[in-house]
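Colleague: For reference, this is work.cif, and it has mmCIF, C-alpha atoms and all ligand atoms.
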```cif
data_input
#
loop_
_atom_site.group_PDB
_atom_site.id
_atom_site.type_symbol
_atom_site.label_atom_id
_atom_site.label_comp_id
_atom_site.auth_asym_id
_atom_site.auth_seq_id
_atom_site.Cartn_x
_atom_site.Cartn_y
_atom_site.Cartn_z
ATOM 1 C CA MET A 1 126.769 103.851 41.264
ATOM 2 C CA THR A 2 127.039 102.090 37.915
ATOM 3 C CA THR A 3 130.817 102.052 38.201
ATOM 4 C CA HIS A 4 130.606 100.634 41.721
ATOM 5 C CA THR A 5 128.305 97.807 40.617
ATOM 6 C CA SER A 6 130.442 96.879 37.660
ATOM 7 C CA THR A 7 133.595 96.826 39.815
ATOM 8 C CA ALA A 8 131.900 94.457 42.263
ATOM 9 C CA GLN A 9 130.784 92.238 39.423
ATOM 10 C CA ARG A 10 134.237 92.153 37.910
ATOM 11 C CA SER A 11 135.952 91.285 41.173
ATOM 12 C CA SER A 12 133.416 88.609 42.131
ATOM 13 C CA LYS A 13 135.164 86.180 39.804
ATOM 14 C CA TYR A 14 137.967 85.900 42.358
ATOM 15 C CA PRO A 15 137.223 83.471 45.181
ATOM 16 C CA THR A 16 138.542 85.096 48.350
ATOM 17 C CA THR A 17 140.325 83.188 51.118
ATOM 18 C CA ILE A 18 142.083 84.371 54.262
ATOM 19 C CA GLY A 19 145.811 83.644 54.446
ATOM 20 C CA ILE A 20 147.974 84.297 57.519
ATOM 21 C CA ASP A 21 151.773 84.198 57.720
ATOM 22 C CA VAL A 22 153.241 83.445 61.154
ATOM 23 C CA GLY A 23 156.743 84.900 61.363
ATOM 24 C CA GLY A 24 159.252 85.330 64.163
ATOM 25 C CA THR A 25 158.523 89.029 64.658
ATOM 26 C CA GLY A 26 155.170 89.602 62.980
ATOM 27 C CA MET A 27 151.979 87.756 62.122
ATOM 28 C CA LYS A 28 150.396 89.066 58.913
ATOM 29 C CA GLY A 29 147.079 88.231 57.318
ATOM 30 C CA GLY A 30 145.049 89.321 54.334
ATOM 31 C CA LEU A 31 142.068 88.581 52.123
ATOM 32 C CA VAL A 32 143.540 86.901 49.066
ATOM 33 C CA ARG A 33 141.985 86.968 45.622
ATOM 34 C CA LEU A 34 142.471 83.520 44.123
ATOM 35 C CA GLY A 35 141.363 82.032 40.814
ATOM 36 C CA SER A 36 142.772 83.460 37.624
ATOM 37 C CA GLY A 37 142.665 86.887 36.063
ATOM 38 C CA PRO A 38 144.762 90.040 36.282
ATOM 39 C CA LYS A 39 144.138 90.571 40.005
ATOM 40 C CA ALA A 40 144.428 86.939 41.092
ATOM 41 C CA GLY A 41 147.095 86.419 43.746
ATOM 42 C CA THR A 42 146.709 89.938 45.140
ATOM 43 C CA LEU A 43 145.188 91.118 48.408
ATOM 44 C CA ARG A 44 141.817 92.795 48.771
ATOM 45 C CA GLY A 45 142.721 95.775 50.935
ATOM 46 C CA ASP A 46 145.736 96.078 53.196
ATOM 47 C CA ARG A 47 147.339 93.264 55.051
ATOM 48 C CA PHE A 48 146.798 93.282 58.812
ATOM 49 C CA ARG A 49 149.796 92.742 61.073
ATOM 50 C CA ILE A 50 150.176 92.121 64.789
ATOM 51 C CA PRO A 51 153.626 91.620 66.361
ATOM 52 C CA THR A 52 154.237 87.967 67.223
ATOM 53 C CA PRO A 53 153.674 87.535 70.977
ATOM 54 C CA GLN A 54 156.885 86.906 72.913
ATOM 55 C CA PRO A 55 157.588 84.272 73.975
ATOM 56 C CA ALA A 56 155.872 82.872 70.878
ATOM 57 C CA MET A 57 154.116 79.922 72.495
ATOM 58 C CA PRO A 58 151.179 78.007 70.984
ATOM 59 C CA GLU A 59 148.364 79.578 73.075
ATOM 60 C CA PRO A 60 149.271 83.286 72.601
ATOM 61 C CA VAL A 61 150.080 82.695 68.925
ATOM 62 C CA ALA A 62 146.682 81.028 68.428
ATOM 63 C CA ALA A 63 144.964 83.930 70.239
ATOM 64 C CA THR A 64 146.757 86.406 67.942
ATOM 65 C CA LEU A 65 145.652 84.388 64.911
ATOM 66 C CA ALA A 66 142.087 84.706 66.200
ATOM 67 C CA ALA A 67 142.476 88.491 66.531
ATOM 68 C CA ILE A 68 143.805 88.807 62.965
ATOM 69 C CA THR A 69 140.996 86.607 61.668
ATOM 70 C CA ALA A 70 138.362 88.678 63.497
ATOM 71 C CA GLU A 71 139.666 91.861 61.872
ATOM 72 C CA LEU A 72 139.656 90.294 58.410
ATOM 73 C CA ASP A 73 136.221 88.707 58.950
ATOM 74 C CA GLY A 74 134.824 92.172 59.626
ATOM 75 C CA ARG A 75 135.856 93.492 56.219
ATOM 76 C CA GLU A 76 133.641 93.942 53.207
ATOM 77 C CA LYS A 77 133.939 90.948 50.843
ATOM 78 C CA ALA A 78 135.390 88.718 53.563
ATOM 79 C CA PRO A 79 134.591 85.049 53.008
ATOM 80 C CA LYS A 80 131.952 83.611 55.315
ATOM 81 C CA PRO A 81 133.300 83.058 58.845
ATOM 82 C CA SER A 82 133.046 79.272 58.521
ATOM 83 C CA ALA A 83 135.190 79.219 55.356
ATOM 84 C CA PRO A 84 138.557 77.384 55.396
ATOM 85 C CA LEU A 85 141.553 79.543 56.206
ATOM 86 C CA GLY A 86 145.276 79.007 55.535
ATOM 87 C CA VAL A 87 148.200 79.574 57.884
ATOM 88 C CA CYS A 88 151.892 79.253 57.064
ATOM 89 C CA PHE A 89 154.416 78.442 59.750
ATOM 90 C CA PRO A 90 158.266 78.361 59.833
ATOM 91 C CA SER A 91 158.751 74.632 60.494
ATOM 92 C CA ILE A 92 158.204 71.200 59.009
ATOM 93 C CA VAL A 93 154.417 70.736 59.026
ATOM 94 C CA LYS A 94 153.270 67.168 58.573
ATOM 95 C CA ASP A 95 149.547 66.361 58.800
ATOM 96 C CA GLY A 96 149.084 69.664 60.612
ATOM 97 C CA VAL A 97 151.733 68.860 63.239
ATOM 98 C CA CYS A 98 154.928 70.873 63.803
ATOM 99 C CA LEU A 99 157.952 68.594 63.514
ATOM 100 C CA SER A 100 160.943 70.936 63.731
ATOM 101 C CA ALA A 101 162.121 74.112 65.418
ATOM 102 C CA ASN A 102 165.274 75.493 63.829
ATOM 103 C CA ASN A 103 164.352 79.107 64.482
ATOM 104 C CA ILE A 104 161.345 78.877 66.788
ATOM 105 C CA ASP A 105 160.881 77.741 70.361
ATOM 106 C CA HIS A 106 161.432 74.012 70.837
ATOM 107 C CA THR A 107 158.153 73.623 72.702
ATOM 108 C CA TRP A 108 156.426 73.761 69.300
ATOM 109 C CA ILE A 109 157.782 70.368 68.279
ATOM 110 C CA GLY A 110 154.934 67.857 68.343
ATOM 111 C CA THR A 111 152.254 70.573 68.623
ATOM 112 C CA ASP A 112 149.128 69.863 66.619
ATOM 113 C CA LEU A 113 149.078 73.244 64.869
ATOM 114 C CA ARG A 114 145.940 72.533 62.909
ATOM 115 C CA GLY A 115 144.006 71.276 65.945
ATOM 116 C CA THR A 116 145.134 74.175 68.151
ATOM 117 C CA PHE A 117 144.333 76.815 65.547
ATOM 118 C CA GLU A 118 140.973 75.249 64.625
ATOM 119 C CA GLU A 119 139.982 75.280 68.278
ATOM 120 C CA HIS A 120 140.693 79.017 68.521
ATOM 121 C CA LEU A 121 139.349 80.012 65.098
ATOM 122 C CA ARG A 122 136.328 77.668 64.989
ATOM 123 C CA ARG A 123 136.704 76.939 61.282
ATOM 124 C CA PRO A 124 138.740 74.538 59.110
ATOM 125 C CA VAL A 125 142.418 75.531 59.041
ATOM 126 C CA THR A 126 145.135 74.316 56.671
ATOM 127 C CA VAL A 127 148.686 74.757 57.982
ATOM 128 C CA VAL A 128 151.684 74.651 55.654
ATOM 129 C CA ASN A 129 155.387 75.361 55.916
ATOM 130 C CA ASP A 130 156.146 79.039 55.188
ATOM 131 C CA ALA A 131 158.504 78.359 52.269
ATOM 132 C CA ASP A 132 156.003 75.914 50.790
ATOM 133 C CA ALA A 133 153.420 78.690 50.953
ATOM 134 C CA ALA A 134 155.804 81.091 49.208
ATOM 135 C CA GLY A 135 156.494 78.375 46.634
ATOM 136 C CA LEU A 136 152.820 77.796 45.935
ATOM 137 C CA ALA A 137 152.284 81.526 45.487
ATOM 138 C CA GLU A 138 155.297 82.023 43.205
ATOM 139 C CA ALA A 139 154.477 78.964 41.112
ATOM 140 C CA ARG A 140 150.878 80.018 40.632
ATOM 141 C CA TYR A 141 151.095 83.807 40.444
ATOM 142 C CA GLY A 142 154.748 84.829 40.417
ATOM 143 C CA ALA A 143 158.110 84.033 38.855
ATOM 144 C CA GLY A 144 157.287 80.338 38.381
ATOM 145 C CA ARG A 145 153.986 80.842 36.654
ATOM 146 C CA GLY A 146 153.611 78.427 33.737
ATOM 147 C CA VAL A 147 157.075 76.900 34.278
ATOM 148 C CA ARG A 148 157.132 73.134 33.801
ATOM 149 C CA GLY A 149 159.675 70.783 35.347
ATOM 150 C CA LEU A 150 161.285 71.305 38.731
ATOM 151 C CA VAL A 151 161.097 74.742 40.336
ATOM 152 C CA HIS A 152 162.918 75.403 43.590
ATOM 153 C CA VAL A 153 161.802 78.403 45.565
ATOM 154 C CA ILE A 154 164.455 79.161 48.162
ATOM 155 C CA THR A 155 163.742 81.765 50.836
ATOM 156 C CA LEU A 156 166.667 83.536 52.479
ATOM 157 C CA GLY A 157 165.711 85.027 55.824
ATOM 158 C CA THR A 158 166.292 84.101 59.458
ATOM 159 C CA GLY A 159 166.673 80.550 58.172
ATOM 160 C CA ILE A 160 166.675 79.102 54.670
ATOM 161 C CA GLY A 161 163.371 77.691 53.479
ATOM 162 C CA GLY A 162 162.733 75.665 50.367
ATOM 163 C CA ALA A 163 159.800 74.648 48.223
ATOM 164 C CA MET A 164 160.007 71.969 45.563
ATOM 165 C CA ILE A 165 157.402 72.215 42.828
ATOM 166 C CA HIS A 166 157.276 69.749 39.979
ATOM 167 C CA ASP A 167 154.969 70.457 37.024
ATOM 168 C CA GLY A 168 152.917 72.674 39.294
ATOM 169 C CA MET A 169 152.620 70.182 42.167
ATOM 170 C CA LEU A 170 154.191 70.914 45.533
ATOM 171 C CA VAL A 171 156.350 68.265 47.202
ATOM 172 C CA PRO A 172 156.073 69.584 50.772
ATOM 173 C CA ASN A 173 158.699 70.106 53.476
ATOM 174 C CA PHE A 174 161.777 70.476 51.302
ATOM 175 C CA GLU A 175 164.001 71.491 54.242
ATOM 176 C CA VAL A 176 166.915 72.615 52.133
ATOM 177 C CA GLY A 177 168.262 74.926 54.857
ATOM 178 C CA SER A 178 168.903 71.850 57.005
ATOM 179 C CA LEU A 179 171.208 70.248 54.416
ATOM 180 C CA GLU A 180 174.601 69.693 55.959
ATOM 181 C CA LEU A 181 177.202 71.663 54.092
ATOM 182 C CA ASP A 182 180.868 71.968 55.114
ATOM 183 C CA GLY A 183 180.020 70.278 58.394
ATOM 184 C CA VAL A 184 177.246 72.648 59.452
ATOM 185 C CA MET A 185 173.615 73.258 58.646
ATOM 186 C CA ALA A 186 173.523 75.264 55.422
ATOM 187 C CA GLU A 187 171.248 77.956 56.828
ATOM 188 C CA SER A 188 173.692 78.743 59.609
ATOM 189 C CA ARG A 189 176.147 79.976 56.918
ATOM 190 C CA ALA A 190 174.034 81.192 54.030
ATOM 191 C CA SER A 191 170.802 82.686 55.429
ATOM 192 C CA ALA A 192 170.216 86.435 55.263
ATOM 193 C CA LYS A 193 170.633 86.452 59.041
ATOM 194 C CA ALA A 194 174.089 84.853 58.697
ATOM 195 C CA ARG A 195 175.086 87.631 56.280
ATOM 196 C CA GLU A 196 174.151 90.255 58.855
ATOM 197 C CA ARG A 197 175.587 88.350 61.805
ATOM 198 C CA ASP A 198 178.958 87.855 60.070
ATOM 199 C CA GLN A 199 178.879 91.368 58.544
ATOM 200 C CA LEU A 200 179.572 90.033 55.067
ATOM 201 C CA SER A 201 179.894 92.189 51.980
ATOM 202 C CA TRP A 202 177.606 91.161 49.124
ATOM 203 C CA ALA A 203 180.589 89.572 47.352
ATOM 204 C CA GLU A 204 181.449 87.539 50.461
ATOM 205 C CA TYR A 205 177.845 86.531 50.921
ATOM 206 C CA ALA A 206 177.587 85.541 47.255
ATOM 207 C CA GLU A 207 180.482 83.095 47.814
ATOM 208 C CA ARG A 208 178.460 81.336 50.502
ATOM 209 C CA LEU A 209 175.361 81.369 48.317
ATOM 210 C CA GLN A 210 177.397 79.960 45.449
ATOM 211 C CA ARG A 211 178.470 77.019 47.582
ATOM 212 C CA PHE A 212 174.902 76.442 48.752
ATOM 213 C CA PHE A 213 173.132 76.774 45.391
ATOM 214 C CA SER A 214 175.784 74.679 43.565
ATOM 215 C CA HIS A 215 175.222 71.923 46.106
ATOM 216 C CA VAL A 216 171.435 72.007 45.727
ATOM 217 C CA GLU A 217 171.783 72.165 41.949
ATOM 218 C CA ARG A 218 174.106 69.157 41.979
ATOM 219 C CA ILE A 219 171.678 67.077 44.008
ATOM 220 C CA PHE A 220 168.323 68.052 42.471
ATOM 221 C CA SER A 221 168.984 69.465 38.963
ATOM 222 C CA PRO A 222 166.134 71.972 39.052
ATOM 223 C CA ASP A 223 164.903 73.849 35.987
ATOM 224 C CA LEU A 224 164.510 77.146 37.808
ATOM 225 C CA PHE A 225 165.585 78.691 41.117
ATOM 226 C CA ILE A 226 163.403 81.452 42.545
ATOM 227 C CA VAL A 227 164.924 83.379 45.435
ATOM 228 C CA GLY A 228 162.504 84.753 48.031
ATOM 229 C CA GLY A 229 162.686 86.256 51.495
ATOM 230 C CA GLY A 230 163.464 89.858 52.418
ATOM 231 C CA ILE A 231 166.610 90.072 50.301
ATOM 232 C CA SER A 232 164.740 89.167 47.122
ATOM 233 C CA LYS A 233 164.097 92.934 47.019
ATOM 234 C CA ARG A 234 167.778 93.547 46.209
ATOM 235 C CA PRO A 235 168.607 90.808 43.687
ATOM 236 C CA ASP A 236 171.174 92.917 41.810
ATOM 237 C CA ASP A 237 173.511 92.808 44.811
ATOM 238 C CA TYR A 238 174.167 89.068 44.638
ATOM 239 C CA LEU A 239 172.311 87.201 41.882
ATOM 240 C CA PRO A 240 174.620 88.411 39.068
ATOM 241 C CA LEU A 241 177.602 87.063 41.056
ATOM 242 C CA LEU A 242 176.317 83.478 41.068
ATOM 243 C CA ARG A 243 177.515 81.004 38.452
ATOM 244 C CA LEU A 244 174.963 78.238 38.009
ATOM 245 C CA ARG A 245 173.639 76.100 35.164
ATOM 246 C CA THR A 246 170.119 76.748 36.381
ATOM 247 C CA PRO A 247 168.401 80.076 35.729
ATOM 248 C CA ILE A 248 167.950 81.976 39.007
ATOM 249 C CA VAL A 249 165.444 84.815 39.406
ATOM 250 C CA PRO A 250 164.038 86.879 42.276
ATOM 251 C CA ALA A 251 160.594 86.122 43.695
ATOM 252 C CA GLN A 252 157.834 88.440 42.540
ATOM 253 C CA LEU A 253 155.317 88.355 45.375
ATOM 254 C CA GLN A 254 157.861 89.305 48.043
ATOM 255 C CA ASN A 255 156.178 90.263 51.336
ATOM 256 C CA ASN A 256 152.816 88.751 50.522
ATOM 257 C CA ALA A 257 153.989 85.374 49.201
ATOM 258 C CA GLY A 258 153.350 83.579 52.503
ATOM 259 C CA ILE A 259 149.852 85.037 52.890
ATOM 260 C CA VAL A 260 148.902 84.253 49.293
ATOM 261 C CA GLY A 261 150.351 80.725 49.449
ATOM 262 C CA ALA A 262 148.630 79.958 52.750
ATOM 263 C CA ALA A 263 145.318 80.982 51.173
ATOM 264 C CA LEU A 264 146.069 78.836 48.122
ATOM 265 C CA ALA A 265 146.821 75.842 50.323
ATOM 266 C CA ALA A 266 143.516 76.299 52.140
ATOM 267 C CA HIS A 267 141.609 76.707 48.913
ATOM 268 C CA GLY A 268 142.895 73.554 47.268
ATOM 269 C CA SER A 269 145.910 72.150 45.548
ATOM 270 C CA LEU A 270 148.092 74.252 43.292
ATOM 271 C CA ALA A 271 147.030 72.220 40.287
ATOM 272 C CA ASP A 272 143.391 73.299 40.736
ATOM 273 C CA GLY A 273 142.398 75.633 37.977
ATOM 274 C CA ASN A 274 145.793 75.444 36.266
HETATM 275 C C1 LIG B 301 162.956 76.089 58.928
HETATM 276 C C2 LIG B 301 162.046 75.918 57.743
HETATM 277 C C3 LIG B 301 161.516 77.251 57.307
HETATM 278 C C4 LIG B 301 162.642 78.227 57.068
HETATM 279 C C5 LIG B 301 162.162 79.606 56.690
HETATM 280 C C6 LIG B 301 164.028 77.107 58.610
HETATM 281 O O1 LIG B 301 164.815 77.328 59.741
HETATM 282 O O2 LIG B 301 163.566 74.851 59.265
HETATM 283 O O3 LIG B 301 160.988 75.040 58.061
HETATM 284 O O4 LIG B 301 160.770 77.100 56.139
HETATM 285 O O5 LIG B 301 163.450 78.338 58.226
HETATM 286 O O6 LIG B 301 161.395 80.173 57.712
#
```
What is this structure when it is put down as structure tokens?

Modeller:
Amino acid sequence: MTTHTSTAQRSSKYPTTIGIDVGGTGMKGGLVRLGSGPKAGTLRGDRFRIPTPQPAMPEPVAATLAAITAELDGREKAPKPSAPLGVCFPSIVKDGVCLSANNIDHTWIGTDLRGTFEEHLRRPVTVVNDADAAGLAEARYGAGRGVRGLVHVITLGTGIGGAMIHDGMLVPNFEVGSLELDGVMAESRASAKARERDQLSWAEYAERLQRFFSHVERIFSPDLFIVGGGISKRPDDYLPLLRLRTPIVPAQLQNNAGIVGAALAAHGSLADGN
């Protein structure tokens, strides 16, 4: 009993916010411990996942968000059901509105994501780009923690996402995968999906990444690259092959970066509490 009480007291220093990551195949949510301390940036309990409805249109996606939220609301230590909640989404998100659809259905363009989700969830919702969410999480709790200057978090997945963080402040919608490179959109050649599609060896894929990262480095002169997305789990296969001026390291939060960053975005700016 004593142990139980003291555990609850210890963990109460972490404000808890719900974060949900909307992906092409799965929608994942969790209760995120924020604030600072050894457990900050981790999830309370397991994450909860529901496959993304297909076709992934606004109404069914919003209904699935509501189902995930209901499950998380029912958990011990959930924030109150009127508390703000964060969602990350794989597109440009400007003032809560979806402005691009590289890897999602085109009907999303122009959709008021925030308005639609708030209507279904009946609470304040903050919507951010998925790579921006990963960037917020890495900068606050992961590989970019305490790093000053310009940090680029680049996610390699179905597309290429990018987050630009300067002295701890996010500059949103850094659509680095849409940079034109060698006459095509960079993500069509250098995403993790392109590696699988073109059946590239790691050495062949590293050549494409080299071209991409050199280009980004040349334009933005970052102080640190952090590589996220599914393949950040196997950094030894390609990171040692890259020749860059800028240090390049794998992301640390991996699968939960989107959830944690969405919660951070809902809770306040990255600079809060830094
Ligand atoms: C989209 C970005 C997104 C990235 C990762 C790209 O295709 O344009 O907005 O962040 O994929 O999901």

Colleague: Which residues are near ligand LIG 301 (chain B) - at most 10 Å, using all atoms listed in the file? Format: as a PyMOL selection string.

Modeller: chain A and resi 22-24+88-93+98-104+128-134+154-163+173-178+185-188+191+229

Colleague: Using CA of Gly96 in chain A and CA of Glu119 in chain A as the two end points, give the distance in Å to one decimal.

Modeller: 13.2 Å

Colleague: The PyMOL selection byres (((chain A and resi 238) around 9) and not hetatm) on the file shown: which residues, as a ChimeraX atom specification?

Modeller: /A:202-203,205-206,209,234-237,239-242

Colleague: Could you work out how far CA of Arg75 in chain A lies from CA of Gly45 in chain A, giving the answer in Å with one decimal?

Modeller: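 Those two atoms sit 9.0 Å apart.
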
Colleague: Identify all residues satisfying the PyMOL selection byres (((chain A and resi 248) around 7) and not hetatm) in the given file; provide them as a list of chain:residue names.

Modeller: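 What the PyMOL selection byres (((chain A and resi 248) around 7) and not hetatm) grabs from the file is A:Leu224, A:Phe225, A:Ile226, A:Thr246, A:Pro247, A:Val249.
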
Colleague: So which residues get picked by the PyMOL selection byres (((chain A and resi 141) around 12) and not hetatm) here, written as a PyMOL selection string?

Modeller: chain A and resi 32-42+133-140+142-147+168+251-254+256-257+260-261+264+270+274

Colleague: Pick from A:Lys193, A:Pro172, A:Gln199, A:Leu181: nearest to His215 in chain A, with all atoms listed in the file counted?

Modeller: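 The closest residue to His215 in chain A is A:Leu181.
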
Colleague: Report, in Å to a single decimal, how far apart CA of Met169 in chain A and CA of Ser214 in chain A are.

Modeller: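 Answer for the CA of Ser214 in chain A to CA of Met169 in chain A separation: 23.6 Å.
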
Colleague: Axis-aligned box over every listed atom of range 41-45 of chain A, padded by 6 Å per side: centre and edges in Å to one decimal, as JSON?

Modeller:
```
{"center_x": 144.5, "center_y": 91.1, "center_z": 47.3, "size_x": 17.3, "size_y": 21.4, "size_z": 19.2}
```

Colleague: List the spatial neighbours of Ala56 in chain A as a list in words - criterion: any atom at most 10 Å away, all atoms listed in the file, same-chain residues fewer than 2 positions off excluded.

Modeller: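 So, after excluding close chain neighbours, the residues are Gly23, Gly24, Thr25, Thr52, Pro53, Gln54, Pro58, Glu59, Pro60, Val61, Ala62, Ile104, Asp105, Thr107 and Trp108 of chain A.
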
Colleague: Could you write out the selected residues, including C-alpha atoms, as an mmCIF file, in the coordinates of the input?

Modeller:
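Everything below was put into again38.cif:
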```
data_model
loop_
_atom_site.group_PDB
_atom_site.id
_atom_site.type_symbol
_atom_site.label_atom_id
_atom_site.label_comp_id
_atom_site.auth_asym_id
_atom_site.auth_seq_id
_atom_site.Cartn_x
_atom_site.Cartn_y
_atom_site.Cartn_z
ATOM 1 C CA GLY A 23 156.743 84.900 61.363
ATOM 2 C CA GLY A 24 159.252 85.330 64.163
ATOM 3 C CA THR A 25 158.523 89.029 64.658
ATOM 4 C CA THR A 52 154.237 87.967 67.223
ATOM 5 C CA PRO A 53 153.674 87.535 70.977
ATOM 6 C CA GLN A 54 156.885 86.906 72.913
ATOM 7 C CA PRO A 58 151.179 78.007 70.984
ATOM 8 C CA GLU A 59 148.364 79.578 73.075
ATOM 9 C CA PRO A 60 149.271 83.286 72.601
ATOM 10 C CA VAL A 61 150.080 82.695 68.925
ATOM 11 C CA ALA A 62 146.682 81.028 68.428
ATOM 12 C CA ILE A 104 161.345 78.877 66.788
ATOM 13 C CA ASP A 105 160.881 77.741 70.361
ATOM 14 C CA THR A 107 158.153 73.623 72.702
ATOM 15 C CA TRP A 108 156.426 73.761 69.300
#
```
